[in-house]
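Novice: Enclosed is the structure file model_5.csv (CSV, C-alpha atoms).
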```csv
chain,number,residue,atom,x,y,z
F,1295,MET,CA,-17.3,-1.7,13.5
F,1296,ASN,CA,-19.0,1.7,13.9
F,1297,ASP,CA,-19.7,4.2,11.2
F,1298,THR,CA,-16.4,6.1,11.7
F,1299,THR,CA,-14.2,3.0,11.9
F,1300,HIS,CA,-12.8,1.4,8.8
F,1301,LEU,CA,-10.3,-0.9,10.3
F,1302,SER,CA,-11.1,-3.6,12.8
F,1303,GLN,CA,-8.7,-5.8,14.7
F,1304,VAL,CA,-9.1,-9.3,16.1
F,1305,VAL,CA,-6.3,-11.2,17.8
F,1306,GLU,CA,-6.3,-15.0,17.1
F,1307,ASP,CA,-3.6,-17.1,18.7
F,1308,GLY,CA,-1.0,-14.4,18.6
F,1309,THR,CA,-2.0,-13.1,15.2
F,1310,ALA,CA,-3.5,-9.6,14.9
F,1311,VAL,CA,-5.9,-9.7,11.9
F,1312,LEU,CA,-6.5,-6.2,10.6
F,1313,THR,CA,-9.6,-6.0,8.4
F,1314,LEU,CA,-10.2,-3.1,6.0
F,1315,HIS,CA,-13.8,-2.1,5.5
F,1316,HIS,CA,-14.2,1.2,3.8
F,1317,PRO,CA,-16.9,0.7,1.0
F,1318,PRO,CA,-17.1,0.8,-1.8
F,1319,VAL,CA,-13.4,0.3,-2.7
F,1320,ASN,CA,-11.4,0.5,0.5
F,1321,ALA,CA,-9.9,3.8,-0.5
F,1322,LEU,CA,-6.9,4.8,1.7
F,1323,SER,CA,-8.4,8.0,3.0
F,1324,GLN,CA,-6.5,10.0,5.6
F,1325,SER,CA,-8.9,8.6,8.3
F,1326,VAL,CA,-8.0,5.1,7.3
F,1327,LEU,CA,-4.3,5.9,7.4
F,1328,ASP,CA,-4.7,7.4,10.9
F,1329,GLU,CA,-6.5,4.2,12.1
F,1330,LEU,CA,-3.8,2.1,10.5
F,1331,ALA,CA,-1.0,4.1,12.2
F,1332,CYS,CA,-2.8,3.8,15.6
F,1333,ARG,CA,-3.2,0.0,15.2
F,1334,ILE,CA,0.4,-0.6,14.2
F,1335,GLN,CA,1.7,1.5,17.0
F,1336,HIS,CA,-0.4,-0.5,19.5
F,1337,ILE,CA,0.7,-3.9,18.0
F,1338,ALA,CA,4.4,-2.9,18.2
F,1339,GLY,CA,4.1,-2.6,22.0
F,1340,ASP,CA,1.9,-5.8,22.5
F,1341,PHE,CA,4.2,-8.7,23.4
F,1342,ASN,CA,1.3,-11.2,22.9
F,1343,ILE,CA,1.0,-10.3,19.2
F,1344,CYS,CA,3.6,-12.1,17.1
F,1345,THR,CA,2.3,-11.7,13.6
F,1346,VAL,CA,0.0,-9.5,11.7
F,1347,VAL,CA,-2.3,-10.1,8.7
F,1348,ILE,CA,-3.9,-7.3,6.7
F,1349,HIS,CA,-6.9,-8.1,4.5
F,1350,SER,CA,-10.2,-6.8,3.3
F,1351,ALA,CA,-13.8,-7.4,4.2
F,1352,LEU,CA,-14.9,-6.4,0.7
F,1353,PRO,CA,-15.1,-9.4,-1.6
F,1354,LYS,CA,-13.6,-7.7,-4.8
F,1355,PHE,CA,-11.2,-5.1,-3.3
F,1356,PHE,CA,-8.1,-5.2,-1.2
F,1357,SER,CA,-7.8,-1.4,-1.8
F,1358,ALA,CA,-8.3,0.6,-5.0
F,1359,GLY,CA,-5.8,3.3,-3.7
F,1360,ALA,CA,-6.1,6.9,-2.5
F,1361,ASN,CA,-9.3,8.7,-2.0
F,1362,ILE,CA,-9.5,10.7,-5.3
F,1363,ARG,CA,-11.7,13.4,-3.8
F,1364,GLU,CA,-9.0,14.0,-1.2
F,1365,LEU,CA,-6.5,14.4,-4.0
F,1366,ALA,CA,-8.8,16.8,-5.7
F,1367,ALA,CA,-8.8,19.0,-2.6
F,1368,ILE,CA,-5.0,19.4,-2.6
F,1369,ARG,CA,-4.3,23.0,-3.6
F,1370,ASN,CA,-0.5,23.1,-4.2
F,1371,SER,CA,2.8,21.3,-4.1
F,1372,LYS,CA,3.3,22.0,-0.4
F,1373,GLU,CA,0.0,20.2,0.5
F,1374,GLY,CA,0.7,17.5,-2.0
F,1375,ARG,CA,4.1,16.7,-0.5
F,1376,ALA,CA,2.7,16.7,3.0
F,1377,TYR,CA,0.0,14.2,1.8
F,1378,ALA,CA,2.6,11.9,0.4
F,1379,GLU,CA,4.9,12.2,3.5
F,1380,ARG,CA,2.0,11.2,5.7
F,1381,GLY,CA,1.2,8.1,3.7
F,1382,GLN,CA,4.9,7.2,3.5
F,1383,ALA,CA,5.2,7.5,7.3
F,1384,VAL,CA,2.4,5.1,8.0
F,1385,LEU,CA,3.7,2.5,5.5
F,1386,HIS,CA,7.2,2.9,7.0
F,1387,GLN,CA,5.7,1.9,10.4
F,1388,ILE,CA,4.4,-1.3,8.8
F,1389,GLU,CA,7.5,-2.2,6.9
F,1390,HIS,CA,9.7,-1.7,10.0
F,1391,LEU,CA,7.4,-3.3,12.5
F,1392,PRO,CA,9.6,-5.9,14.3
F,1393,LYS,CA,6.9,-8.6,13.6
F,1394,PRO,CA,6.0,-10.3,10.3
F,1395,VAL,CA,3.2,-8.5,8.5
F,1396,ILE,CA,1.3,-10.4,5.7
F,1397,ALA,CA,-0.9,-8.8,3.1
F,1398,ALA,CA,-3.7,-11.1,2.0
F,1399,ILE,CA,-4.8,-9.7,-1.3
F,1400,ASP,CA,-8.0,-10.9,-3.0
F,1401,GLY,CA,-9.3,-8.5,-5.7
F,1402,VAL,CA,-8.3,-5.0,-6.8
F,1403,CYS,CA,-5.0,-3.8,-5.3
F,1404,LEU,CA,-4.1,-0.6,-7.1
F,1405,GLY,CA,-2.2,2.6,-6.4
F,1406,GLY,CA,-2.0,3.2,-2.7
F,1407,GLY,CA,-3.5,-0.2,-2.1
F,1408,LEU,CA,-0.5,-1.8,-3.8
F,1409,GLU,CA,1.8,0.5,-2.0
F,1410,LEU,CA,0.3,-0.7,1.3
F,1411,ALA,CA,0.8,-4.3,0.3
F,1412,LEU,CA,4.4,-3.6,-0.8
F,1413,ALA,CA,5.1,-2.3,2.7
F,1414,CYS,CA,4.2,-5.7,4.1
F,1415,PRO,CA,7.2,-8.0,4.2
F,1416,LEU,CA,5.0,-10.9,3.0
F,1417,ARG,CA,2.3,-10.9,0.4
F,1418,ILE,CA,-0.3,-13.5,-0.7
F,1419,ALA,CA,-2.5,-12.9,-3.7
F,1420,THR,CA,-5.3,-14.8,-5.5
F,1421,THR,CA,-5.5,-15.5,-9.2
F,1422,ALA,CA,-8.5,-13.0,-9.3
F,1423,SER,CA,-6.4,-10.2,-7.9
F,1424,ARG,CA,-5.4,-7.1,-10.0
F,1425,LEU,CA,-2.2,-5.3,-9.0
F,1426,GLY,CA,-0.8,-2.0,-10.4
F,1427,LEU,CA,0.3,1.6,-9.9
F,1428,PRO,CA,-2.0,3.6,-12.3
F,1429,GLU,CA,-1.2,7.1,-11.0
F,1430,VAL,CA,0.3,8.3,-14.3
F,1431,ASN,CA,-3.3,8.1,-15.7
F,1432,LEU,CA,-4.2,10.9,-13.2
F,1433,GLY,CA,-1.2,13.0,-14.2
F,1434,LEU,CA,0.5,12.0,-11.0
F,1435,LEU,CA,3.0,9.4,-9.8
F,1436,PRO,CA,3.0,7.0,-6.8
F,1437,GLY,CA,3.5,8.9,-3.6
F,1438,PHE,CA,3.4,6.4,-0.7
F,1439,GLY,CA,6.7,4.8,-1.6
F,1440,GLY,CA,5.6,2.8,-4.6
F,1441,THR,CA,8.4,3.8,-6.9
F,1442,VAL,CA,11.0,2.9,-4.3
F,1443,ARG,CA,9.6,-0.4,-3.1
F,1444,LEU,CA,8.5,-1.7,-6.5
F,1445,SER,CA,11.9,-1.0,-8.1
F,1446,ARG,CA,13.6,-2.6,-5.1
F,1447,ILE,CA,11.6,-5.8,-5.8
F,1448,LEU,CA,11.6,-5.8,-9.6
F,1449,GLY,CA,14.6,-3.7,-10.6
F,1450,VAL,CA,14.3,-0.4,-12.4
F,1451,THR,CA,13.5,-1.8,-15.8
F,1452,GLN,CA,10.4,-3.9,-14.8
F,1453,ALA,CA,9.2,-1.3,-12.4
F,1454,MET,CA,9.4,1.4,-15.0
F,1455,ASN,CA,7.4,-0.8,-17.4
F,1456,MET,CA,4.6,-1.2,-14.8
F,1457,ILE,CA,4.5,2.4,-13.6
F,1458,LEU,CA,5.0,4.3,-16.8
F,1459,LEU,CA,2.4,2.2,-18.6
F,1460,ALA,CA,0.0,1.9,-15.6
F,1461,LYS,CA,0.2,-1.8,-16.3
F,1462,GLU,CA,-2.2,-4.0,-14.3
F,1463,ILE,CA,-1.2,-7.6,-13.7
F,1464,ASP,CA,-3.0,-10.6,-12.1
F,1465,GLY,CA,-1.9,-12.6,-9.1
F,1466,ALA,CA,-0.2,-15.3,-11.2
F,1467,GLU,CA,1.9,-12.7,-13.0
F,1468,ALA,CA,2.7,-10.9,-9.7
F,1469,SER,CA,3.9,-14.2,-8.3
F,1470,ARG,CA,6.1,-14.9,-11.4
F,1471,LEU,CA,7.7,-11.4,-11.0
F,1472,GLY,CA,8.2,-11.9,-7.3
F,1473,ILE,CA,5.8,-9.1,-6.2
F,1474,VAL,CA,3.9,-11.7,-4.1
F,1475,HIS,CA,5.2,-14.7,-2.4
F,1476,GLN,CA,2.4,-17.1,-3.1
F,1477,VAL,CA,-0.7,-17.1,-5.4
F,1478,VAL,CA,-3.8,-19.0,-4.4
F,1479,LYS,CA,-7.4,-19.5,-5.6
F,1480,PRO,CA,-9.9,-16.8,-5.0
F,1481,GLY,CA,-11.2,-16.8,-1.5
F,1482,ALA,CA,-8.1,-18.5,-0.1
F,1483,ALA,CA,-5.8,-15.6,0.6
F,1484,LEU,CA,-6.8,-15.0,4.2
F,1485,GLU,CA,-6.6,-18.6,5.3
F,1486,THR,CA,-3.3,-19.0,3.5
F,1487,ALA,CA,-2.0,-15.9,5.3
F,1488,LEU,CA,-3.2,-17.2,8.7
F,1489,ASP,CA,-1.6,-20.6,8.0
F,1490,LEU,CA,1.7,-18.8,7.2
F,1491,ALA,CA,1.4,-16.8,10.4
F,1492,ARG,CA,0.9,-20.0,12.4
F,1493,GLN,CA,4.0,-21.6,10.8
F,1494,MET,CA,6.1,-18.6,11.8
F,1495,GLN,CA,4.8,-18.6,15.3
F,1496,SER,CA,6.1,-22.1,15.8
F,1497,LYS,CA,9.6,-20.7,15.3
F,1498,SER,CA,11.7,-18.7,17.8
F,1499,LYS,CA,10.2,-15.2,18.1
F,1500,GLY,CA,13.7,-13.7,18.6
F,1501,SER,CA,15.0,-15.5,15.5
F,1502,VAL,CA,12.1,-14.4,13.3
F,1503,ASN,CA,12.5,-10.8,14.4
F,1504,ALA,CA,16.3,-10.9,13.9
F,1505,ILE,CA,15.8,-12.3,10.4
F,1506,LEU,CA,13.3,-9.5,9.6
F,1507,ALA,CA,15.8,-6.9,10.8
F,1508,THR,CA,18.5,-8.5,8.7
F,1509,LEU,CA,16.6,-9.0,5.5
F,1510,LEU,CA,14.4,-5.9,5.5
F,1511,PRO,CA,15.7,-2.7,3.8
F,1512,ARG,CA,17.9,-0.5,5.9
F,1513,ASP,CA,17.3,3.2,6.4
F,1514,ASP,CA,20.4,4.2,4.4
F,1515,GLU,CA,20.8,7.7,3.0
F,1516,LEU,CA,20.3,6.7,-0.6
F,1517,GLU,CA,16.9,5.1,0.0
F,1518,LYS,CA,15.9,7.9,2.4
F,1519,HIS,CA,16.7,10.4,-0.4
F,1520,ALA,CA,14.6,8.3,-2.9
F,1521,PHE,CA,11.5,8.4,-0.6
F,1522,GLU,CA,12.0,12.2,-0.1
F,1523,LYS,CA,12.4,12.7,-3.8
F,1524,GLU,CA,9.2,10.7,-4.5
F,1525,ALA,CA,7.2,12.9,-2.0
F,1526,ARG,CA,8.6,16.1,-3.5
F,1527,LEU,CA,7.9,15.2,-7.1
F,1528,PHE,CA,4.4,13.9,-6.1
F,1529,GLY,CA,3.7,17.2,-4.5
F,1530,ALA,CA,5.0,19.2,-7.4
F,1531,ARG,CA,2.4,17.6,-9.7
F,1532,PHE,CA,-0.3,19.5,-7.9
F,1533,ASP,CA,1.0,22.8,-9.3
F,1534,THR,CA,0.4,21.4,-12.8
F,1535,GLU,CA,-2.7,21.6,-15.1
F,1536,ASP,CA,-2.2,17.9,-16.1
F,1537,ALA,CA,-2.8,16.7,-12.5
F,1538,LYS,CA,-5.9,18.9,-12.1
F,1539,GLU,CA,-7.2,17.6,-15.5
F,1540,GLY,CA,-6.3,13.9,-14.7
F,1541,ILE,CA,-8.1,14.0,-11.3
F,1542,ARG,CA,-11.1,15.9,-12.7
F,1543,ALA,CA,-11.4,13.5,-15.6
F,1544,PHE,CA,-11.3,10.5,-13.2
F,1545,LEU,CA,-14.1,12.0,-11.1
F,1546,GLU,CA,-16.1,12.8,-14.2
F,1547,LYS,CA,-15.5,9.3,-15.6
F,1548,ARG,CA,-13.9,10.4,-18.9
F,1549,VAL,CA,-10.6,10.2,-20.7
F,1550,PRO,CA,-8.2,13.0,-19.6
F,1551,LYS,CA,-6.8,15.5,-22.1
F,1552,PHE,CA,-3.3,16.2,-21.0
F,1553,THR,CA,-1.4,19.2,-22.4
F,1554,GLY,CA,2.0,18.8,-20.7
F,1555,ARG,CA,1.4,21.9,-18.6
```
Spit out the file's structure as structure tokens when you get a sec.
Specialist:
Amino acid sequence: MNDTTHLSQVVEDGTAVLTLHHPPVNALSQSVLDELACRIQHIAGDFNICTVVIHSALPKFFSAGANIRELAAIRNSKEGRAYAERGQAVLHQIEHLPKPVIAAIDGVCLGGGLELALACPLRIATTASRLGLPEVNLGLLPGFGGTVRLSRILGVTQAMNMILLAKEIDGAEASRLGIVHQVVKPGAALETALDLARQMQSKSKGSVNAILATLLPRDDELEKHAFEKEARLFGARFDTEDAKEGIRAFLEKRVPKFTGR
């Protein structure tokens, strides 16, 4: 991996293993999203790849979310909405890839990191993992589809509890709630995901793809509107003083002083 590449790919027995390596916390910067989009587009057209696993090379982080300095550079609602729509577009690519994608989560999985994981149809987490959508602490809201996908999984009541309170949960609680499909001991997420990929490859490729197409969410108008609304409201926050204060406070490592403006 060279200095400008934060996402490597290795194909093992029909499984593409995508490895995030963007120290110190695997922030989902625009360059990482660009690389991810390019990889997924290539995988979609490669008949020899049947399954995909996304994991991290960093021992304590799957991804801590968006690059906060990139958020700090957003000047207005138009730029904020474009930022959200770009992230949503990449995660839609993953969710609608006609091949199973497994997120192997071991460590911190917050904000955009959890939104990335939620876009993967299958998710493995360890007991040491921490999952949450803490954007409200920045005076923002999830912008890469987190409000839509988490409420789809949990229902509005539980999703509201997590998002409004910026609640972080461990892997065991995420499994109990149904956010992840399996919880394993620390260090075992990748091997578990690869084993799951091998099991699926023993099935009919056509059947697996047809099942994905049947079970995965459809692009209906109601859900399309929900994603558009999230991006619009995310963007609108960048015209507020609270968002500026929340981002500034995070970078200055202090508690924000929100005024409601």
Novice: Quick check, in Å to one decimal: how far apart do atom CA of F:Pro1353 and atom CA of F:Gln1324 lie?
Specialist: 22.4 Å
Novice: Using all atoms listed in the file, which of F:Ala1482, F:Ala1422, F:Leu1516, F:Leu1545 sits nearest F:Asn1361?
Specialist: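 The shortest atom-to-atom distance to F:Asn1361 comes from F:Leu1545.
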Novice: Write out as a list of chain:residue names the residues lying within 9 Å of stretch 1441-1444 of chain F, counting all atoms listed in the file and excluding same-chain residues fewer than 3 positions away.
Specialist: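 Selected residues are F:Glu1409, F:Leu1412, F:Ala1413, F:Leu1427, F:Leu1435, F:Pro1436, F:Gly1437, F:Phe1438, F:Ile1447, F:Leu1448, F:Gly1449, F:Val1450, F:Gln1452, F:Ala1453, F:Met1454, F:Ile1457, F:Ile1473, F:Glu1517, F:Ala1520, F:Phe1521, F:Glu1524.
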Novice: I'd like to know which of F:Arg1369, F:Arg1375, F:His1386, F:Lys1393 is closest to F:Leu1327, using all atoms listed in the file.
Specialist: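 Looking only at the distances to F:Leu1327, the closest residue turns out to be F:His1386.
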Novice: With all atoms listed in the file as the atoms that count, which of F:Gly1405, F:Gly1381, F:Gly1308, F:Pro1317 lies nearest to F:Asn1431?
Specialist: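 So, comparing all the options, the nearest one is F:Gly1405.
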Novice: Between F:Ser1445, F:Gln1303, F:Ser1469, F:Thr1451, which is the closest to F:Arg1424 once you count only C-alpha atoms?
Specialist: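 The closest residue to F:Arg1424 is F:Ser1469.
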Novice: Enter the distance from atom CA of F:Asp1533 to atom CA of F:Val1326, in Å, rounded to one decimal.
Specialist: 25.9 Å
Novice: What's the 7 Å shell around F:Leu1432, counting all atoms listed in the file, without same-chain residues fewer than 6 positions away, as a list in words?
Specialist: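 Using all atoms listed in the file, the neighbours found are Ala1537, Gly1540 and Ile1541 of chain F.
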Novice: Suppose you want the space between atom CA of F:Ala1468 and atom CA of F:Leu1301; what is it in Å?
Specialist: 25.9 Å
Novice: Go ahead and find all residues with at least one atom no further than 12 Å from (-13.0, 5.1, 12.9) in the file's coordinates, using all atoms listed in the file; report them as a PyMOL selection string.
Specialist: chain F and resi 1295-1303+1314-1316+1323-1330+1332-1333
Novice: Between F:Gly1439, F:Gly1374, F:Gly1359, F:Pro1392, single out the one closest to F:Gly1406, counting only C-alpha atoms.
Specialist: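 Nearest to F:Gly1406: F:Gly1359.
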Novice: List the neighbours of F:Ala1367 out to 12 Å using all atoms listed in the file; skip same-chain residues closer than 3 positions along the sequence, and give me the result as a list of chain:residue names.
Specialist: F:Asn1361, F:Ile1362, F:Arg1363, F:Glu1364, F:Asn1370, F:Ser1371, F:Glu1373, F:Gly1374, F:Tyr1377, F:Phe1532, F:Ala1537, F:Lys1538, F:Ile1541, F:Arg1542
Novice: Here is a test: counting all atoms listed in the file, which residue of F:Ala1487, F:Pro1480, F:Ala1366, F:Pro1511 is nearest to F:Glu1546?
Specialist: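 Using all atoms listed in the file, F:Glu1546 sits closest to F:Ala1366.
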Novice: Is it possible to produce a file of stretch 1445-1536 of chain F from this structure, with C-alpha atoms, as a PDB file, in the first residue's frame?
Specialist:
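selection_28.pdb, freshly written:
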```
ATOM      1  CA  SER F1445     -34.294   2.725  11.771  1.00  0.00           C
ATOM      2  CA  ARG F1446     -34.901   0.059   9.131  1.00  0.00           C
ATOM      3  CA  ILE F1447     -33.093  -2.480  11.323  1.00  0.00           C
ATOM      4  CA  LEU F1448     -34.170  -1.357  14.801  1.00  0.00           C
ATOM      5  CA  GLY F1449     -37.428   0.465  14.225  1.00  0.00           C
ATOM      6  CA  VAL F1450     -37.850   4.170  14.866  1.00  0.00           C
ATOM      7  CA  THR F1451     -38.026   3.952  18.675  1.00  0.00           C
ATOM      8  CA  GLN F1452     -34.717   2.141  19.214  1.00  0.00           C
ATOM      9  CA  ALA F1453     -32.960   4.067  16.438  1.00  0.00           C
ATOM     10  CA  MET F1454     -34.096   7.340  17.975  1.00  0.00           C
ATOM     11  CA  ASN F1455     -32.731   6.220  21.342  1.00  0.00           C
ATOM     12  CA  MET F1456     -29.301   5.530  19.868  1.00  0.00           C
ATOM     13  CA  ILE F1457     -29.063   8.578  17.593  1.00  0.00           C
ATOM     14  CA  LEU F1458     -30.577  11.289  19.823  1.00  0.00           C
ATOM     15  CA  LEU F1459     -28.497  10.218  22.823  1.00  0.00           C
ATOM     16  CA  ALA F1460     -25.345   9.425  20.820  1.00  0.00           C
ATOM     17  CA  LYS F1461     -25.471   6.045  22.542  1.00  0.00           C
ATOM     18  CA  GLU F1462     -22.526   3.710  22.034  1.00  0.00           C
ATOM     19  CA  ILE F1463     -23.036  -0.031  22.407  1.00  0.00           C
ATOM     20  CA  ASP F1464     -20.703  -3.010  22.423  1.00  0.00           C
ATOM     21  CA  GLY F1465     -20.773  -5.955  20.056  1.00  0.00           C
ATOM     22  CA  ALA F1466     -22.888  -8.122  22.346  1.00  0.00           C
ATOM     23  CA  GLU F1467     -25.592  -5.449  22.611  1.00  0.00           C
ATOM     24  CA  ALA F1468     -25.422  -4.857  18.853  1.00  0.00           C
ATOM     25  CA  SER F1469     -26.021  -8.582  18.330  1.00  0.00           C
ATOM     26  CA  ARG F1470     -28.960  -8.587  20.754  1.00  0.00           C
ATOM     27  CA  LEU F1471     -30.539  -5.671  18.917  1.00  0.00           C
ATOM     28  CA  GLY F1472     -29.944  -7.253  15.520  1.00  0.00           C
ATOM     29  CA  ILE F1473     -27.491  -4.655  14.229  1.00  0.00           C
ATOM     30  CA  VAL F1474     -24.866  -7.363  13.702  1.00  0.00           C
ATOM     31  CA  HIS F1475     -25.488 -10.940  12.719  1.00  0.00           C
ATOM     32  CA  GLN F1476     -22.848 -12.535  14.928  1.00  0.00           C
ATOM     33  CA  VAL F1477     -20.592 -11.494  17.802  1.00  0.00           C
ATOM     34  CA  VAL F1478     -17.207 -13.139  18.337  1.00  0.00           C
ATOM     35  CA  LYS F1479     -14.151 -12.721  20.546  1.00  0.00           C
ATOM     36  CA  PRO F1480     -11.673  -9.910  19.800  1.00  0.00           C
ATOM     37  CA  GLY F1481      -9.407 -10.745  16.885  1.00  0.00           C
ATOM     38  CA  ALA F1482     -11.815 -13.282  15.366  1.00  0.00           C
ATOM     39  CA  ALA F1483     -14.020 -11.037  13.197  1.00  0.00           C
ATOM     40  CA  LEU F1484     -12.040 -11.362   9.968  1.00  0.00           C
ATOM     41  CA  GLU F1485     -11.672 -15.152  10.114  1.00  0.00           C
ATOM     42  CA  THR F1486     -15.353 -15.505  10.982  1.00  0.00           C
ATOM     43  CA  ALA F1487     -16.283 -13.298   8.026  1.00  0.00           C
ATOM     44  CA  LEU F1488     -14.038 -15.310   5.682  1.00  0.00           C
ATOM     45  CA  ASP F1489     -15.592 -18.550   6.927  1.00  0.00           C
ATOM     46  CA  LEU F1490     -19.048 -17.110   6.277  1.00  0.00           C
ATOM     47  CA  ALA F1491     -17.926 -16.119   2.783  1.00  0.00           C
ATOM     48  CA  ARG F1492     -16.670 -19.657   2.134  1.00  0.00           C
ATOM     49  CA  GLN F1493     -19.986 -21.108   3.250  1.00  0.00           C
ATOM     50  CA  MET F1494     -21.890 -18.856   0.847  1.00  0.00           C
ATOM     51  CA  GLN F1495     -19.556 -19.747  -2.004  1.00  0.00           C
ATOM     52  CA  SER F1496     -20.560 -23.388  -1.622  1.00  0.00           C
ATOM     53  CA  LYS F1497     -24.104 -22.394  -2.587  1.00  0.00           C
ATOM     54  CA  SER F1498     -25.456 -21.569  -6.019  1.00  0.00           C
ATOM     55  CA  LYS F1499     -24.129 -18.140  -7.023  1.00  0.00           C
ATOM     56  CA  GLY F1500     -27.364 -17.406  -8.872  1.00  0.00           C
ATOM     57  CA  SER F1501     -29.466 -18.358  -5.859  1.00  0.00           C
ATOM     58  CA  VAL F1502     -27.387 -16.233  -3.482  1.00  0.00           C
ATOM     59  CA  ASN F1503     -27.662 -13.205  -5.754  1.00  0.00           C
ATOM     60  CA  ALA F1504     -31.403 -13.728  -6.224  1.00  0.00           C
ATOM     61  CA  ILE F1505     -31.894 -13.969  -2.443  1.00  0.00           C
ATOM     62  CA  LEU F1506     -29.943 -10.736  -1.967  1.00  0.00           C
ATOM     63  CA  ALA F1507     -32.100  -9.012  -4.580  1.00  0.00           C
ATOM     64  CA  THR F1508     -35.241 -10.259  -2.830  1.00  0.00           C
ATOM     65  CA  LEU F1509     -34.272  -9.470   0.760  1.00  0.00           C
ATOM     66  CA  LEU F1510     -32.368  -6.226   0.340  1.00  0.00           C
ATOM     67  CA  PRO F1511     -34.338  -2.963   0.486  1.00  0.00           C
ATOM     68  CA  ARG F1512     -35.940  -1.811  -2.717  1.00  0.00           C
ATOM     69  CA  ASP F1513     -35.420   1.646  -4.150  1.00  0.00           C
ATOM     70  CA  ASP F1514     -38.981   2.746  -3.505  1.00  0.00           C
ATOM     71  CA  GLU F1515     -40.004   6.392  -3.495  1.00  0.00           C
ATOM     72  CA  LEU F1516     -40.552   6.513   0.269  1.00  0.00           C
ATOM     73  CA  GLU F1517     -37.020   5.353   1.082  1.00  0.00           C
ATOM     74  CA  LYS F1518     -35.515   7.471  -1.683  1.00  0.00           C
ATOM     75  CA  HIS F1519     -37.230  10.483  -0.110  1.00  0.00           C
ATOM     76  CA  ALA F1520     -35.843   9.510   3.315  1.00  0.00           C
ATOM     77  CA  PHE F1521     -32.248   9.482   2.022  1.00  0.00           C
ATOM     78  CA  GLU F1522     -32.767  12.796   0.224  1.00  0.00           C
ATOM     79  CA  LYS F1523     -34.274  14.337   3.355  1.00  0.00           C
ATOM     80  CA  GLU F1524     -31.331  13.151   5.471  1.00  0.00           C
ATOM     81  CA  ALA F1525     -28.829  14.712   3.037  1.00  0.00           C
ATOM     82  CA  ARG F1526     -30.792  17.973   2.904  1.00  0.00           C
ATOM     83  CA  LEU F1527     -31.082  18.254   6.694  1.00  0.00           C
ATOM     84  CA  PHE F1528     -27.424  17.279   7.139  1.00  0.00           C
ATOM     85  CA  GLY F1529     -26.429  20.046   4.754  1.00  0.00           C
ATOM     86  CA  ALA F1530     -28.663  22.586   6.454  1.00  0.00           C
ATOM     87  CA  ARG F1531     -26.788  22.121   9.724  1.00  0.00           C
ATOM     88  CA  PHE F1532     -23.737  23.827   8.183  1.00  0.00           C
ATOM     89  CA  ASP F1533     -25.633  27.110   8.097  1.00  0.00           C
ATOM     90  CA  THR F1534     -25.981  26.980  11.902  1.00  0.00           C
ATOM     91  CA  GLU F1535     -23.765  28.240  14.701  1.00  0.00           C
ATOM     92  CA  ASP F1536     -24.269  24.992  16.657  1.00  0.00           C
TER      93      ASP F1536
END
```
